[in-house]
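Enquirer: If it helps, the file is called coords.cif and holds mmCIF, C-alpha atoms:
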```cif
data_work
#
loop_
_atom_site.label_atom_id
_atom_site.label_comp_id
_atom_site.auth_asym_id
_atom_site.auth_seq_id
_atom_site.Cartn_x
_atom_site.Cartn_y
_atom_site.Cartn_z
CA MET A 277 0.00 0.00 0.00
CA SER A 278 1.60 3.27 -1.11
CA LEU A 279 1.14 6.81 0.07
CA THR A 280 -1.14 7.47 -2.85
CA SER A 281 -3.42 4.58 -1.89
CA ASP A 282 -6.47 4.79 0.30
CA ARG A 283 -5.06 4.35 3.81
CA GLY A 284 -8.28 5.06 5.59
CA ALA A 285 -9.50 8.23 7.19
CA SER A 286 -6.89 9.74 9.45
CA GLY A 287 -7.55 13.44 9.05
CA GLY A 288 -6.82 16.13 11.59
CA MET A 289 -3.29 16.91 12.65
CA PHE A 290 -1.96 13.74 10.97
CA ASP A 291 -3.31 14.60 7.51
CA LEU A 292 -0.03 15.68 5.89
CA ASP A 293 1.83 15.04 2.64
CA TYR A 294 4.15 12.26 3.80
CA ALA A 295 5.33 11.62 0.22
CA SER A 296 7.18 14.92 0.52
CA TRP A 297 10.72 14.77 1.89
CA LYS A 298 10.14 18.23 3.36
CA THR A 299 7.26 16.94 5.48
CA ARG A 300 9.15 13.91 6.74
CA TRP A 301 12.31 15.90 7.43
CA THR A 302 10.33 18.61 9.25
CA LEU A 303 8.65 16.02 11.49
CA MET A 304 11.98 14.35 12.29
CA VAL A 305 13.43 17.72 13.30
CA ALA A 306 10.25 18.49 15.26
CA GLY A 307 10.59 15.16 17.10
CA PHE A 308 14.20 15.93 17.98
CA ALA A 309 13.28 19.44 19.14
CA PHE A 310 10.32 18.23 21.21
CA TYR A 311 12.33 15.66 23.15
CA LEU A 312 15.23 18.05 23.56
CA GLY A 313 12.68 20.45 25.03
CA VAL A 314 11.47 17.76 27.45
CA PHE A 315 15.09 17.16 28.50
CA VAL A 316 15.72 20.87 29.13
CA GLY A 317 12.31 21.30 30.76
CA SER A 318 13.05 18.44 33.15
CA HIS A 319 16.22 20.19 34.25
CA GLN A 320 14.47 23.54 34.65
CA LEU A 321 11.67 22.04 36.76
CA SER A 322 13.79 19.64 38.80
CA THR A 323 16.40 22.21 39.82
CA PRO A 324 14.12 24.30 42.07
CA LEU A 325 11.59 21.59 42.95
CA SER A 326 13.61 18.46 43.75
CA ALA A 327 16.10 18.21 46.60
CA THR A 328 17.11 14.80 45.27
CA TYR A 329 18.00 16.31 41.89
CA GLN A 330 19.99 19.09 43.52
CA ALA A 331 22.12 16.50 45.36
CA LEU A 332 23.02 14.53 42.22
CA VAL A 333 26.40 14.78 40.52
CA ALA A 334 26.50 16.07 36.94
CA LYS A 335 26.33 12.73 35.14
CA GLU A 336 23.41 11.61 37.33
CA LYS A 337 21.56 14.85 36.52
CA VAL A 338 21.99 14.09 32.82
CA PHE A 339 20.65 10.57 33.40
CA TRP A 340 17.72 11.96 35.41
CA ASN A 341 16.70 14.26 32.56
CA LEU A 342 17.20 11.49 30.01
CA ALA A 343 14.99 9.26 32.15
CA ALA A 344 12.22 11.88 32.15
CA THR A 345 12.53 12.27 28.38
CA ARG A 346 12.46 8.51 27.80
CA ALA A 347 9.41 8.19 30.05
CA VAL A 348 7.47 10.67 27.89
CA PHE A 349 8.50 8.82 24.74
CA GLY A 350 7.62 5.51 26.38
CA VAL A 351 4.07 6.61 27.23
CA LEU A 352 3.42 7.93 23.71
CA SER A 353 4.96 4.86 22.08
CA THR A 354 2.98 2.47 24.26
CA ALA A 355 -0.28 4.19 23.36
CA ALA A 356 0.58 4.10 19.63
CA GLY A 357 1.71 0.47 19.81
CA LEU A 358 -1.41 -0.69 21.65
CA TRP A 359 -3.63 1.09 19.12
CA THR A 360 -1.81 -0.75 16.32
CA LEU A 361 -1.94 -4.14 18.02
CA LEU A 362 -5.55 -4.00 19.20
CA VAL A 363 -7.53 -1.43 17.23
CA ASP A 364 -6.28 -0.11 13.89
CA PRO A 365 -8.01 -2.07 11.09
CA VAL A 366 -5.79 -0.89 8.23
CA LEU A 367 -2.46 -1.89 9.74
CA GLN A 368 -3.86 -5.19 10.98
CA ALA A 369 -5.34 -6.04 7.58
CA ASP A 370 -2.03 -5.62 5.73
CA LYS A 371 0.88 -6.22 8.08
CA THR A 372 3.63 -5.74 5.48
CA HIS A 373 2.35 -2.81 3.38
CA GLY A 374 -0.35 -1.09 5.44
CA GLN A 375 0.22 2.57 6.32
CA GLN A 376 -1.74 5.27 8.08
CA ASP A 377 -1.21 9.03 8.34
CA TRP A 378 -1.00 8.74 12.12
CA SER A 379 1.59 5.96 11.90
CA TRP A 380 3.70 8.08 9.54
CA PHE A 381 3.56 10.88 12.11
CA HIS A 382 4.75 8.61 14.92
CA ILE A 383 7.49 6.98 12.86
CA THR A 384 8.99 10.30 11.72
CA THR A 385 8.89 11.88 15.19
CA ALA A 386 10.21 8.68 16.77
CA THR A 387 13.16 8.86 14.35
CA GLY A 388 13.85 12.33 15.72
CA PHE A 389 13.74 10.92 19.24
CA PHE A 390 16.17 8.11 18.43
CA PHE A 391 18.56 10.64 16.88
CA PHE A 392 18.32 12.69 20.08
CA GLU A 393 18.95 9.55 22.14
CA ASN A 394 22.06 8.64 20.15
CA ALA A 395 23.44 12.17 20.33
CA ALA A 396 22.79 12.42 24.08
CA LEU A 397 24.23 8.96 24.75
CA HIS A 398 27.47 9.52 22.86
CA LEU A 399 27.98 13.04 24.22
CA SER A 400 27.41 11.70 27.75
CA ASN A 401 29.84 8.84 27.13
CA LEU A 402 32.49 11.29 25.94
CA LEU A 403 31.98 13.75 28.80
CA PHE A 404 31.78 11.21 31.62
CA ARG A 405 33.88 8.39 30.13
CA THR A 406 31.14 5.77 30.38
CA PHE A 407 30.07 3.08 27.92
CA ASP A 408 27.15 0.65 27.93
CA VAL A 409 27.49 -1.62 24.91
CA PHE A 410 23.92 -2.92 25.12
CA LEU A 411 22.48 0.60 25.26
CA VAL A 412 24.68 1.71 22.35
CA LEU A 413 23.54 -1.25 20.23
CA HIS A 414 19.88 -0.68 21.17
CA HIS A 415 19.98 3.00 20.22
CA LEU A 416 21.93 2.39 17.00
CA PHE A 417 19.57 -0.31 15.72
CA ALA A 418 16.51 1.75 16.69
CA PHE A 419 17.68 4.87 14.87
CA LEU A 420 18.87 3.09 11.71
CA GLY A 421 15.72 0.96 11.59
CA PHE A 422 13.34 3.90 11.83
CA LEU A 423 15.45 6.03 9.49
CA GLY A 424 15.09 3.25 6.92
CA LEU A 425 11.30 3.48 7.30
CA VAL A 426 11.36 7.23 6.70
CA VAL A 427 13.32 6.68 3.47
CA ASN A 428 11.21 3.76 2.23
CA LEU A 429 7.73 4.89 1.17
CA THR A 430 6.43 1.36 0.56
CA ALA A 431 7.36 -0.25 3.90
CA GLY A 432 4.44 -1.39 6.04
CA HIS A 433 3.94 0.18 9.45
CA TYR A 434 2.47 -2.66 11.51
CA LEU A 435 5.77 -4.13 12.71
CA PRO A 436 7.44 -0.73 13.36
CA MET A 437 4.47 0.45 15.41
CA VAL A 438 4.40 -2.79 17.37
CA THR A 439 8.14 -2.31 17.91
CA LEU A 440 7.32 0.98 19.62
CA LEU A 441 5.13 -1.00 22.04
CA LEU A 442 8.36 -2.53 23.36
CA GLU A 443 8.80 0.82 25.11
CA MET A 444 6.04 -0.26 27.53
CA SER A 445 8.70 -0.91 30.19
CA THR A 446 10.44 2.45 29.79
CA PRO A 447 8.23 4.67 32.02
CA PHE A 448 8.46 2.15 34.87
CA THR A 449 12.24 1.86 34.44
CA CYS A 450 12.57 5.64 34.67
CA VAL A 451 10.33 5.91 37.73
CA SER A 452 12.26 3.07 39.37
CA TRP A 453 15.59 4.87 38.97
CA MET A 454 14.24 8.22 40.18
CA LEU A 455 12.71 6.63 43.28
CA LEU A 456 15.99 4.84 43.95
CA LYS A 457 17.87 8.13 43.89
CA ALA A 458 15.27 9.61 46.23
CA GLY A 459 15.93 6.79 48.70
CA TRP A 460 12.49 5.20 48.36
CA SER A 461 13.62 1.67 47.54
CA ASP A 462 12.04 0.33 50.77
CA SER A 463 8.67 1.87 49.98
CA LEU A 464 5.63 0.00 48.71
CA LEU A 465 5.49 2.41 45.75
CA TRP A 466 8.97 1.44 44.52
CA LYS A 467 8.35 -2.28 45.00
CA ALA A 468 4.99 -2.13 43.21
CA ASN A 469 6.56 -0.20 40.34
CA GLN A 470 9.36 -2.75 40.17
CA TRP A 471 6.91 -5.66 39.99
CA VAL A 472 4.97 -4.00 37.16
CA MET A 473 8.23 -3.16 35.36
CA ILE A 474 9.41 -6.78 35.52
CA HIS A 475 6.03 -7.89 34.19
CA MET A 476 6.41 -5.41 31.32
CA PHE A 477 9.77 -6.97 30.43
CA HIS A 478 8.11 -10.38 30.30
CA CYS A 479 5.44 -8.86 28.04
CA ARG A 480 8.23 -7.49 25.85
CA MET A 481 9.52 -11.02 25.32
CA VAL A 482 6.05 -12.29 24.40
CA LEU A 483 5.68 -9.38 21.98
CA THR A 484 8.93 -10.24 20.20
CA TYR A 485 7.59 -13.78 19.69
CA HIS A 486 4.48 -12.24 18.08
CA MET A 487 6.73 -10.18 15.80
CA TRP A 488 8.60 -13.32 14.71
CA TRP A 489 5.25 -14.99 14.00
CA VAL A 490 4.20 -12.04 11.82
CA CYS A 491 7.51 -12.23 9.95
CA TRP A 492 7.05 -15.93 9.33
CA ARG A 493 3.41 -15.66 8.23
CA HIS A 494 4.03 -12.66 5.96
CA TRP A 495 7.59 -13.35 4.80
CA ASP A 496 6.99 -12.74 1.09
CA GLY A 497 5.36 -9.38 1.75
CA LEU A 498 8.10 -8.40 4.17
CA VAL A 499 10.81 -9.18 1.61
CA ALA A 500 8.92 -7.24 -1.05
CA SER A 501 8.39 -4.15 1.12
CA LEU A 502 11.86 -3.73 2.65
CA HIS A 503 15.20 -3.14 0.98
CA PRO A 504 17.60 -6.07 1.68
CA PRO A 505 19.95 -4.09 4.01
CA HIS A 506 16.96 -2.82 5.99
CA LEU A 507 15.49 -6.31 6.24
CA VAL A 508 18.81 -7.69 7.51
CA LEU A 509 19.05 -4.83 10.04
CA PHE A 510 15.50 -5.50 11.27
CA LEU A 511 16.00 -9.25 11.66
CA LEU A 512 19.37 -8.76 13.35
CA GLY A 513 17.92 -6.20 15.74
CA LEU A 514 14.91 -8.40 16.53
CA SER A 515 17.25 -11.35 17.17
CA LEU A 516 19.35 -9.20 19.48
CA LEU A 517 16.25 -8.12 21.39
CA THR A 518 14.84 -11.64 21.63
CA LEU A 519 17.99 -13.53 22.57
CA VAL A 520 20.13 -10.99 24.44
CA LEU A 521 18.69 -7.64 25.47
CA ASN A 522 15.25 -8.64 26.78
CA PRO A 523 16.53 -11.63 28.83
CA TYR A 524 19.47 -9.61 30.16
CA TRP A 525 17.39 -6.60 31.19
CA THR A 526 14.69 -8.82 32.71
CA HIS A 527 17.36 -10.57 34.79
CA LYS A 528 18.91 -7.27 35.91
CA LYS A 529 15.59 -5.72 36.91
CA THR A 530 14.56 -8.84 38.84
CA GLN A 531 17.92 -8.82 40.58
CA GLN A 532 17.40 -5.14 41.40
CA LEU A 533 14.10 -5.95 43.12
CA LEU A 534 15.98 -8.25 45.50
CA SER A 535 18.96 -5.90 45.87
CA PRO A 536 17.86 -2.30 45.16
CA VAL A 537 21.12 -0.74 44.01
CA ASP A 538 21.62 1.84 41.28
CA TRP A 539 23.52 -0.37 38.82
CA ASN A 540 24.03 2.53 36.41
CA PHE A 541 26.45 4.27 38.77
CA ALA A 542 27.55 1.44 41.06
CA GLN A 543 31.19 1.12 42.04
CA PRO A 544 33.03 -2.03 40.90
CA GLN A 545 32.06 -4.92 43.17
CA PRO A 546 34.87 -6.72 45.07
CA ARG A 547 35.49 -10.28 43.98
CA GLY A 548 33.40 -12.74 45.93
CA GLY A 549 31.58 -9.92 47.70
CA ALA A 550 27.97 -8.87 47.56
CA LEU A 551 26.72 -5.34 47.40
CA PRO A 552 25.00 -4.38 50.66
CA ARG A 553 21.44 -3.07 50.76
CA THR A 554 21.79 0.69 50.80
CA ASN A 555 18.26 1.88 50.03
CA GLY A 556 19.13 2.37 46.42
CA GLN A 557 22.29 4.38 46.95
CA VAL A 558 25.67 3.39 45.59
CA PRO A 559 27.92 2.19 48.41
CA GLY A 560 30.65 4.70 49.09
CA LYS A 561 34.33 4.00 49.67
CA LYS A 562 35.47 3.39 53.21
CA ALA A 563 37.23 6.28 54.88
CA GLN A 564 41.02 6.01 54.90
#
```
Could you write out this file's structure as structure tokens?
Expert:
Amino acid sequence: MSLTSDRGASGGMFDLDYASWKTRWTLMVAGFAFYLGVFVGSHQLSTPLSATYQALVAKEKVFWNLAATRAVFGVLSTAAGLWTLLVDPVLQADKTHGQQDWSWFHITTATGFFFFENAALHLSNLLFRTFDVFLVLHHLFAFLGFLGLVVNLTAGHYLPMVTLLLEMSTPFTCVSWMLLKAGWSDSLLWKANQWVMIHMFHCRMVLTYHMWWVCWRHWDGLVASLHPPHLVLFLLGLSLLTLVLNPYWTHKKTQQLLSPVDWNFAQPQPRGGALPRTNGQVPGKKAQ
């Protein structure tokens, strides 16, 4: 189904000329600008309102604002993904070529977000000399995959929009980290959020199995709608999610429920030792 085909009535704010490079480029830039604005807005609001934020070191403040930005993206992506999975008749009817104006809007703005995420991640890594290989791979595959969709006017939007539903765990992950930094890891709120977050990671794994099923059932259409490099990138990224990232993150978040430590900024653990329970705070070095 092409952009000139009848994609169903979208109308409203989503009724744009997505065949135009100018429209797609403008929406990508708008997505980048919007999430950059959320990042800056988080800093501006947290500085006077949050004592926890004021006590953080610079790299933790960057992570705090990134967490807030990811949470906003996660909520929007979850809503869009659920609509695709459960409601939208056009995308469900043609899983390899179906497109909607609203799905074009989300894909182009999500591409802007993933560009923002990559830029923020690499700048943070350079400034603070950190490196998370799984996060780097996740962000790289996400950006390249969605950029390929922006370039390819014939690609179907069902699988990309369902991919956005994988962000269902993101808001809970962000809330978990913020509550940890606030010292609330012993609270019922943090534990309840952690349980829901772990459940969301299990749902992510089930969702990837659904995506593999769609690929298998609609293989010919998938091959016809995607350029070979893009198809290889998608299958490699889905394999990485299914076999490595989802199981690893599910394990880490379950482990964090039992030992609530901020793994993002934890000090290297002594051999044979276990990190003590510190109400979510990173254990400090012993005084000399």
Enquirer: Using all atoms listed in the file, which residue out of A:Asn469, A:Asp370, A:Val333, A:Ser318 lies closest to A:Arg493?
Expert: A:Asp370
Enquirer: For stretch 471-475 of chain A, please output as JSON, numbers by chain all residues within 7 Å (counting only C-alpha atoms; exclusion window: fewer than 4 positions along the same chain).
Expert: {"A": [445, 448, 449, 467, 479, 526, 529, 530]}
Enquirer: Just the selected residues (C-alpha atoms), exported as a PDB file, keeping the file's coordinate frame, please.
Expert:
```
ATOM      1  CA  SER A 445       8.700  -0.910  30.190  1.00  0.00           C
ATOM      2  CA  PHE A 448       8.460   2.150  34.870  1.00  0.00           C
ATOM      3  CA  THR A 449      12.240   1.860  34.440  1.00  0.00           C
ATOM      4  CA  LYS A 467       8.350  -2.280  45.000  1.00  0.00           C
ATOM      5  CA  CYS A 479       5.440  -8.860  28.040  1.00  0.00           C
ATOM      6  CA  THR A 526      14.690  -8.820  32.710  1.00  0.00           C
ATOM      7  CA  LYS A 529      15.590  -5.720  36.910  1.00  0.00           C
ATOM      8  CA  THR A 530      14.560  -8.840  38.840  1.00  0.00           C
TER       9      THR A 530
END
```
Enquirer: With all atoms listed in the file as the atoms that count, which of A:His382, A:His503, A:His478, A:Lys528 lies nearest to A:Tyr294?
Expert: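 That would be A:His382, the residue with the smallest distance to A:Tyr294.
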Enquirer: Write out as a VMD selection string the residues lying within 12 Å of A:Leu507, counting all atoms listed in the file and excluding same-chain residues fewer than 3 positions away.
Expert: chain A and resid 372 417 420 to 422 424 to 425 428 431 435 491 495 to 504 510 to 514
Enquirer: Could you please determine the separation between atom CA of A:Glu336 and atom CA of A:Ala468 in Å, to one decimal place?
Expert: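 We find that atom CA of A:Glu336 and atom CA of A:Ala468 lie 23.7 Å from each other.
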Enquirer: Rounded to one decimal in Å, what is the spacing between atom CA of A:Lys371 and atom CA of A:Tyr434?
Expert: 5.2 Å
Enquirer: Could you name the residues that touch A:Tyr311 at 9 Å or less, counting only C-alpha atoms, but leaving out those on the same chain fewer than 5 positions away, as a ChimeraX atom specification?
Expert: /A:306,316,345-346,348-349,388-389,392
Enquirer: Considering only C-alpha atoms, can you say which of A:Phe381, A:Trp492, A:Trp466, A:Phe477 comes closest to A:Ser452?
Expert: A:Trp466
Enquirer: Applied to the shown file, which residues does the PyMOL selection byres ((chain A and resi 415) around 9) return, written as a list in words?
Expert: Phe390, Phe391, Glu393, Asn394, Leu397, Phe410, Leu411, Val412, Leu413, His414, Leu416, Phe417, Ala418, Phe419 and Leu420 of chain A
Enquirer: Hey, what comes out of the PyMOL selection byres ((chain A and resi 437) around 9) on this file? Could you write it as a count of residues only?
Expert: 18
Enquirer: Between atom CA of A:Ala309 and atom CA of A:Met454, what distance in Å does the model show, to one decimal?
Expert: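 Computing it gives 23.9 Å between the two atoms.
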